[in-house]
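In what follows, a single structure is set out as structure tokens and then discussed.
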Amino acid sequence: MTEPPSPLHDRIHYPGGAWEHSHPDRMGANARTFGLRPAPVERCRVLELGCGAGGNLIPMAYGLPDARFVGIELAARPVEAGREFAGSLGLSNVDVQQLDILEIPADLGEFDYIIAHGVYSWVPEPVRDAVMSVFARHLAPDGIAYMNFNALPGGHLRNLARDLMRFRLSLSDDPEARGDDAIRFVRLVADAQPDGSPYRRILEEEIVRFEHNPVGVLFHDDLVPAHRAFHFRSVVDHAERHGLRYLCEARPADVHPGRYPAPIQAAVRRFGGGRIAREQCFDFLVCQMYRCSLFCRDGVALAPIRDLDGMNGMRVAADLRPATEPADLTDGIVATYFAPDGASVDLEDSAAKAALEILAEHWPASVEIERLLRDARKRAGRSGRPTRFERREFAEFLATNHAMGLTDLHVREPRMVTVAGERPVASALARIEIERGARVTSLRHRQVEIDDPIAAEVLARLDGTRDLAGLHRDAVRALPGEFFTCDQIEAALRGLAYHGLLER
Ligand SMILES: C[S@@+](CC[C@H](N)C(=O)[O-])C[C@H]1O[C@@H](n2cnc3c(N)ncnc32)[C@H](O)[C@@H]1O
């Protein structure tokens with residue numbers, strides 16, 4: 001009798017990592033904008049399905065020591081690696097279990113947040129259905145579930161290159177060794193097309209993506225036999241059959257018309273139907289390829305917040321810079337602000353402009369919303385208490401910019417400092433990660449590439465025992481032949497602080 005093949009994830013490493021929008025802080029903030037009151041993040045219970053080596057779950061557990069984390073993973077090697085990673089950080093609040101999603105026992109318990117990243121579109125149908133059953137069985141009454149999937153119609157375009165690669169790999173006895181060969185085959189087909197033809201352009205875009213990603217991503221995300229993309233509507237139907245309700249996108253900007261050109265916005269205004277039908281129409285309009293969606297239980301009422309009272313205790317962070325600094329804060333003078341990804345917003349209200357100025361000064365830290373309004377009004381020269389109208393306008397300003405991905409709403413603040421102290425400390429998590437490779441996780445649960453060797457050396461040594469001179473001395477020793485000054489160490493520290501890697 002032949003043995004069943006070992007799971008692909010035991011044979012080909014998947015790089016995994018932190019997915020910012022799957023963090024309970026971001027899920028909780030999104031849920032609050034719909035009037036939900038999810039469990040406090042500091043003490044929440046989190047389950048991750050298909051957690052791999054814990055690249056997402058373990059950084060969460062590090063940042064939330066009083067919360068409890070369970071990861072479920074089928075393949076043995078990632079489980080071993082995850083346990084070793086959690087052990088190296090001395091974490092006792094995370095449990096990575098080798099288990100099939102199909103066999104999760106009923107007594108696993110109840111969770112406030114359940115995450116399935118990289119699962120739904122990439123597993124066979126029975127497992128896909130089991131993911132929804134696990135949400136239904138194990139989600140707390142006010143819990144939130146996160147699930148990403150490849151969406152249609154964009155998935156049809158991606159299938160063009162995927163089909164070519166699958167065909168090429170089917171000719172090989174050793175498909176796993178032949179990723180490069182499969183990409184070369186897609187290039188051969190692309191190059192044979194007339195310049196600018198739609199087929200050529202689509203294949204070329206996919207080649208760029210394949211070449212940019214490690215081979216593990218190619219095999220697990222693109223070539224896994226079970227792969228399927230779905231219409232948003234069909235995923236929502238599936239969730240509803242399991243007693244779940246679509247809440248919103250974990251990255252609301254993915255479906256915000258304001259992020260798209262004017263003709264798209266004009267077309268969106270012509271859509272009828274309910275929210276789900278409109279979002280499905282939107283996917284057709286923008287040729288959506290990918291979604292990260294949030295779900296709650298179907299009895300939960302959604303009441304989008306309209307006033308600052310509904311945002312009580314929430315925080316906001318943003319790194320938006322005016323086109324010309326400093327911006328003119330005068331009421332009625334338009335200033336354009338840009339996010340690091342190039343997205344922009346025009347503002348003319350003095351308090352709104354002052355708010356963005358204050359947030360940029362605090363970045364990457366967040367500011368409590370009532371305090372932001374108070375300080376922004378003061379900076380804008382307004383006296384007295386804000387009127388109810390002004391409070392509503394400010395809430396609208398915050399909610400719209402959050403929905404457009406320009407500002408980040410939070411429900412907690414990590415133990416982070418924005419300016420390096422005399423003997424700076426980086427998170428133990430980032431120090432361990434930088435010893436293993438260039439990608440580290442910020443205290444905001446973002447993946448940060450450290451490609452500057454000086455910054456990497458400095459980061460590895462930020463355990464609170466060295467001052468600037470000590471950091472310089474040790475970095476010089478570690479990088480023989482390189483010449484650099486203490487100013488460069490200071491610049492590296494500013495960069496690490498900017499990315500949310502320094503701890504209190
Ligand atoms: C694409 S990876 C995603 C890993 C991680 N969640 C991430 O996003 O970085 C999918 C993971 O799900 C696991 N998986 C697939 N089928 C599973 C099943 N039936 N039960 C448990 N885990 C499964 C795979 O072994 C793999 O580690």
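In the structure tokens, the first chain shown is A, the next is B, and so on; residue numbers restart at 1 for each chain, and ligands run from 1 in the order shown.
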How close does chain A get to ligand 1? List, as CSV, each residue of chain A within 8 Å, its nearest atom pair and the distance in Å to one decimal, counting only C-alpha atoms and all ligand atoms.
```
residue,atom,partner,partner_atom_place_in_ligand_line,distance
A:Pro7,CA,ligand 1,25 (O),6.4
A:Leu8,CA,ligand 1,25 (O),6.9
A:His9,CA,ligand 1,25 (O),4.9
A:Asp10,CA,ligand 1,25 (O),7.6
A:Tyr14,CA,ligand 1,2 (S),6.5
A:Pro15,CA,ligand 1,9 (O),6.8
A:Gly16,CA,ligand 1,9 (O),3.2
A:Gly17,CA,ligand 1,9 (O),5.0
A:Ala18,CA,ligand 1,9 (O),7.2
A:Trp19,CA,ligand 1,8 (O),7.4
A:Glu48,CA,ligand 1,6 (N),7.3
A:Leu49,CA,ligand 1,22 (N),6.3
A:Gly50,CA,ligand 1,12 (O),3.4
A:Cys51,CA,ligand 1,6 (N),4.1
A:Gly52,CA,ligand 1,27 (O),3.6
A:Ala53,CA,ligand 1,27 (O),7.1
A:Gly54,CA,ligand 1,5 (C),7.1
A:Gly55,CA,ligand 1,9 (O),6.1
A:Asn56,CA,ligand 1,9 (O),6.3
A:Ile72,CA,ligand 1,21 (C),5.8
A:Glu73,CA,ligand 1,22 (N),3.9
A:Leu74,CA,ligand 1,21 (C),3.8
A:Ala75,CA,ligand 1,25 (O),4.8
A:Pro78,CA,ligand 1,27 (O),6.7
A:Gln98,CA,ligand 1,21 (C),7.6
A:Leu99,CA,ligand 1,21 (C),5.8
A:Asp100,CA,ligand 1,20 (N),3.5
A:Ile101,CA,ligand 1,20 (N),3.8
A:Leu102,CA,ligand 1,19 (N),5.9
A:Ala116,CA,ligand 1,6 (N),6.3
A:His117,CA,ligand 1,8 (O),4.4
A:Gly118,CA,ligand 1,1 (C),4.3
A:Val119,CA,ligand 1,10 (C),5.2
A:Trp122,CA,ligand 1,1 (C),6.9
A:Val123,CA,ligand 1,16 (N),5.7
A:Val127,CA,ligand 1,19 (N),5.6
A:Val217,CA,ligand 1,1 (C),7.6
A:His220,CA,ligand 1,1 (C),5.5
A:Asp221,CA,ligand 1,1 (C),6.0
```
Task: Residues of region 207-455 of chain A in alpha helix (DSSP H), written as a PyMOL selection string - done: chain A and resi 207-212+215-217+232-241+262-269+275-286+350-362+369-379+388-403+428-436+453-455
TODO: Might you pull out every residue within 12 Å of Glu370 (chain A), with only C-alpha atoms counted and same-chain residues fewer than 3 positions away left off, and present them as a ChimeraX atom specification?
DONE: /A:307-316,355,367,373-377,385-386,391,394-395,398
Residues of region 443-482 of chain A within 10 Å of region 399-417 of chain A: nearest atom pair and distance (Å, one decimal) for each, counting only C-alpha atoms, sorted by chain and number, as a tab-separated table?
```
residue	atom	partner	partner_atom	distance
A:Leu443	CA	A:Pro414	CA	6.3
A:Arg444	CA	A:Pro414	CA	7.1
A:His445	CA	A:Pro414	CA	9.8
```
Export of the given selection (C-alpha atoms) as a CSV table (one decimal), in the first residue's frame:
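Dumped everything to again.csv:
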```
chain,number,residue,atom,x,y,z
A,443,LEU,CA,4.6,46.4,17.2
A,444,ARG,CA,1.7,47.5,14.9
A,445,HIS,CA,1.8,44.0,13.4
```
Task: Close residues, Arg461 (chain A) itself excluded, 12 Å, only C-alpha atoms, min 2 positions apart in chain, as number ranges by chain - done: A: 423-428, 430-432, 434-435, 454-459, 463-468, 470-475, 478, 489, 493, 502
Just the selected residues (C-alpha atoms), exported as a compact mmCIF listing (two decimals), in the first residue's frame, please.
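out13.txt, freshly written:
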```
# COMPACT_ATOMS: atom_id res chain seq x y z
CA ARG A 423 19.68 52.96 25.79
CA PRO A 424 17.08 52.00 23.20
CA VAL A 425 15.16 48.73 23.26
CA ALA A 426 13.66 46.95 20.26
CA SER A 427 11.03 44.27 20.68
CA ALA A 428 12.58 40.86 21.46
CA ALA A 430 12.08 41.86 16.02
CA ARG A 431 15.54 41.09 17.42
CA ILE A 432 15.00 37.36 16.98
CA ILE A 434 16.34 39.98 12.23
CA GLU A 435 18.80 37.24 13.24
CA ILE A 454 23.54 49.14 9.47
CA ALA A 455 19.91 49.22 10.61
CA ALA A 456 19.90 45.40 10.77
CA GLU A 457 23.03 45.34 12.96
CA VAL A 458 21.64 48.08 15.21
CA LEU A 459 18.26 46.35 15.55
CA ASP A 463 18.42 45.04 24.14
CA GLY A 464 18.68 48.16 26.33
CA THR A 465 22.32 47.62 27.35
CA ARG A 466 23.96 49.95 24.79
CA ASP A 467 23.98 53.71 24.31
CA LEU A 468 24.69 55.38 20.98
CA GLY A 470 28.13 51.31 22.23
CA LEU A 471 25.81 50.66 19.30
CA HIS A 472 28.24 52.39 16.94
CA ARG A 473 31.22 50.44 18.31
CA ASP A 474 29.48 47.06 17.99
CA ALA A 475 28.02 47.77 14.55
CA ALA A 478 30.12 43.53 12.93
CA ILE A 489 23.31 55.02 13.82
CA LEU A 493 17.28 54.42 15.14
CA LEU A 502 11.11 50.32 19.49
```
Could you give me, as a PDB file with N, CA and C atoms, in the first residue's frame, the residues within 10 Å of region 157-159 of chain A, counting only C-alpha atoms and dropping anything in the same chain fewer than 5 positions from it?
```
ATOM      1  N   ASN A 150      -9.239  34.454  -2.752  1.00  0.00           N
ATOM      2  CA  ASN A 150      -9.066  35.025  -4.085  1.00  0.00           C
ATOM      3  C   ASN A 150     -10.435  35.214  -4.701  1.00  0.00           C
ATOM      4  N   LEU A 152     -13.318  36.627  -7.680  1.00  0.00           N
ATOM      5  CA  LEU A 152     -13.660  36.760  -9.102  1.00  0.00           C
ATOM      6  C   LEU A 152     -14.270  38.143  -9.291  1.00  0.00           C
ATOM      7  N   LEU A 164      -1.126  27.774 -17.512  1.00  0.00           N
ATOM      8  CA  LEU A 164       0.118  27.484 -18.257  1.00  0.00           C
ATOM      9  C   LEU A 164       1.115  26.771 -17.353  1.00  0.00           C
ATOM     10  N   MET A 165       1.246  27.265 -16.136  1.00  0.00           N
ATOM     11  CA  MET A 165       2.243  26.668 -15.232  1.00  0.00           C
ATOM     12  C   MET A 165       1.834  25.258 -14.831  1.00  0.00           C
ATOM     13  N   ARG A 166       0.561  25.077 -14.571  1.00  0.00           N
ATOM     14  CA  ARG A 166       0.115  23.721 -14.184  1.00  0.00           C
ATOM     15  C   ARG A 166       0.384  22.734 -15.300  1.00  0.00           C
ATOM     16  N   TYR A 199      -3.645  39.597 -23.757  1.00  0.00           N
ATOM     17  CA  TYR A 199      -3.105  38.325 -23.240  1.00  0.00           C
ATOM     18  C   TYR A 199      -1.675  38.533 -22.746  1.00  0.00           C
ATOM     19  N   ILE A 202      -1.495  40.610 -19.465  1.00  0.00           N
ATOM     20  CA  ILE A 202      -1.927  39.867 -18.261  1.00  0.00           C
ATOM     21  C   ILE A 202      -0.830  38.884 -17.833  1.00  0.00           C
ATOM     22  N   LEU A 203      -0.264  38.168 -18.802  1.00  0.00           N
ATOM     23  CA  LEU A 203       0.790  37.201 -18.453  1.00  0.00           C
ATOM     24  C   LEU A 203       2.010  37.918 -17.887  1.00  0.00           C
ATOM     25  N   GLU A 205       2.139  40.709 -16.235  1.00  0.00           N
ATOM     26  CA  GLU A 205       1.871  41.142 -14.848  1.00  0.00           C
ATOM     27  C   GLU A 205       2.036  39.980 -13.870  1.00  0.00           C
ATOM     28  N   GLU A 206       1.577  38.827 -14.284  1.00  0.00           N
ATOM     29  CA  GLU A 206       1.697  37.653 -13.413  1.00  0.00           C
ATOM     30  C   GLU A 206       3.163  37.238 -13.246  1.00  0.00           C
ATOM     31  N   ASP A 222      -0.466  29.718  -5.682  1.00  0.00           N
ATOM     32  CA  ASP A 222      -0.918  29.667  -7.070  1.00  0.00           C
ATOM     33  C   ASP A 222      -1.115  28.257  -7.614  1.00  0.00           C
ATOM     34  N   HIS A 227      -6.814  25.069  -5.535  1.00  0.00           N
ATOM     35  CA  HIS A 227      -7.064  26.520  -5.610  1.00  0.00           C
ATOM     36  C   HIS A 227      -8.354  26.884  -6.373  1.00  0.00           C
ATOM     37  N   ARG A 228      -9.110  27.809  -5.790  1.00  0.00           N
ATOM     38  CA  ARG A 228     -10.307  28.329  -6.472  1.00  0.00           C
ATOM     39  C   ARG A 228     -10.545  29.769  -6.057  1.00  0.00           C
ATOM     40  N   ALA A 229     -10.960  30.582  -7.008  1.00  0.00           N
ATOM     41  CA  ALA A 229     -11.364  31.959  -6.686  1.00  0.00           C
ATOM     42  C   ALA A 229     -12.896  31.988  -6.648  1.00  0.00           C
ATOM     43  N   CYS A 287     -12.744  44.605 -11.256  1.00  0.00           N
ATOM     44  CA  CYS A 287     -12.084  43.327 -11.536  1.00  0.00           C
ATOM     45  C   CYS A 287     -11.328  42.839 -10.280  1.00  0.00           C
ATOM     46  N   MET A 289      -9.587  40.977  -7.356  1.00  0.00           N
ATOM     47  CA  MET A 289      -8.815  39.721  -7.374  1.00  0.00           C
ATOM     48  C   MET A 289      -8.753  39.064  -6.007  1.00  0.00           C
TER      49      MET A 289
END
```
Task: Shell around Gly381 (chain A) at 10 Å using only C-alpha atoms, local window under 2 positions removed, as a PyMOL selection string - done: chain A and resi 329-330+350-351+354+375-379+383
Task: Coordinates-based distance that separates CA of Gln288 (chain A) from CA of Ala267 (chain A) (Å, one decimal) - done: 15.3 Å
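Using only C-alpha atoms, the contacts of Gly28 (chain A) at a cut-off of 7 Å, with sequence neighbours closer than 3 positions omitted, comprise Pro24, Asp25, Ala31, Arg32, Pro38 and Val411 of chain A.
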For those residues, write N, CA and C atoms to a file as a PDB file, in the first residue's frame.
```pdb
ATOM      1  N   PRO A  24      -6.378  41.382  16.120  1.00  0.00           N
ATOM      2  CA  PRO A  24      -7.617  41.726  16.838  1.00  0.00           C
ATOM      3  C   PRO A  24      -7.812  43.232  17.013  1.00  0.00           C
ATOM      4  N   ASP A  25      -6.718  43.980  17.130  1.00  0.00           N
ATOM      5  CA  ASP A  25      -6.842  45.439  17.250  1.00  0.00           C
ATOM      6  C   ASP A  25      -7.523  46.020  16.018  1.00  0.00           C
ATOM      7  N   ALA A  31     -14.888  46.515  13.634  1.00  0.00           N
ATOM      8  CA  ALA A  31     -16.180  46.110  14.196  1.00  0.00           C
ATOM      9  C   ALA A  31     -16.835  47.295  14.928  1.00  0.00           C
ATOM     10  N   ARG A  32     -16.024  48.065  15.631  1.00  0.00           N
ATOM     11  CA  ARG A  32     -16.570  49.234  16.348  1.00  0.00           C
ATOM     12  C   ARG A  32     -17.201  50.240  15.376  1.00  0.00           C
ATOM     13  N   PRO A  38     -16.911  44.274  20.315  1.00  0.00           N
ATOM     14  CA  PRO A  38     -16.180  43.014  20.467  1.00  0.00           C
ATOM     15  C   PRO A  38     -15.374  42.998  21.764  1.00  0.00           C
ATOM     16  N   VAL A 411      -8.029  50.148  18.706  1.00  0.00           N
ATOM     17  CA  VAL A 411      -8.713  50.067  20.004  1.00  0.00           C
ATOM     18  C   VAL A 411      -7.709  49.871  21.141  1.00  0.00           C
TER      19      VAL A 411
END
```
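Among A:Arg26, A:Arg201, A:Asp237, A:Phe69, the residue with the shortest atom-to-atom distance to Asp129 (chain A), counting only C-alpha atoms, is A:Asp237.
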Task: d(CA of Ile144 (chain A), CA of Leu294 (chain A)) in Å - done: 6.6 Å
- [ ] Can you work out the spacing between CA of Ala190 (chain A) and CA of Phe210 (chain A) in Å, to one decimal?
- [x] 13.9 Å
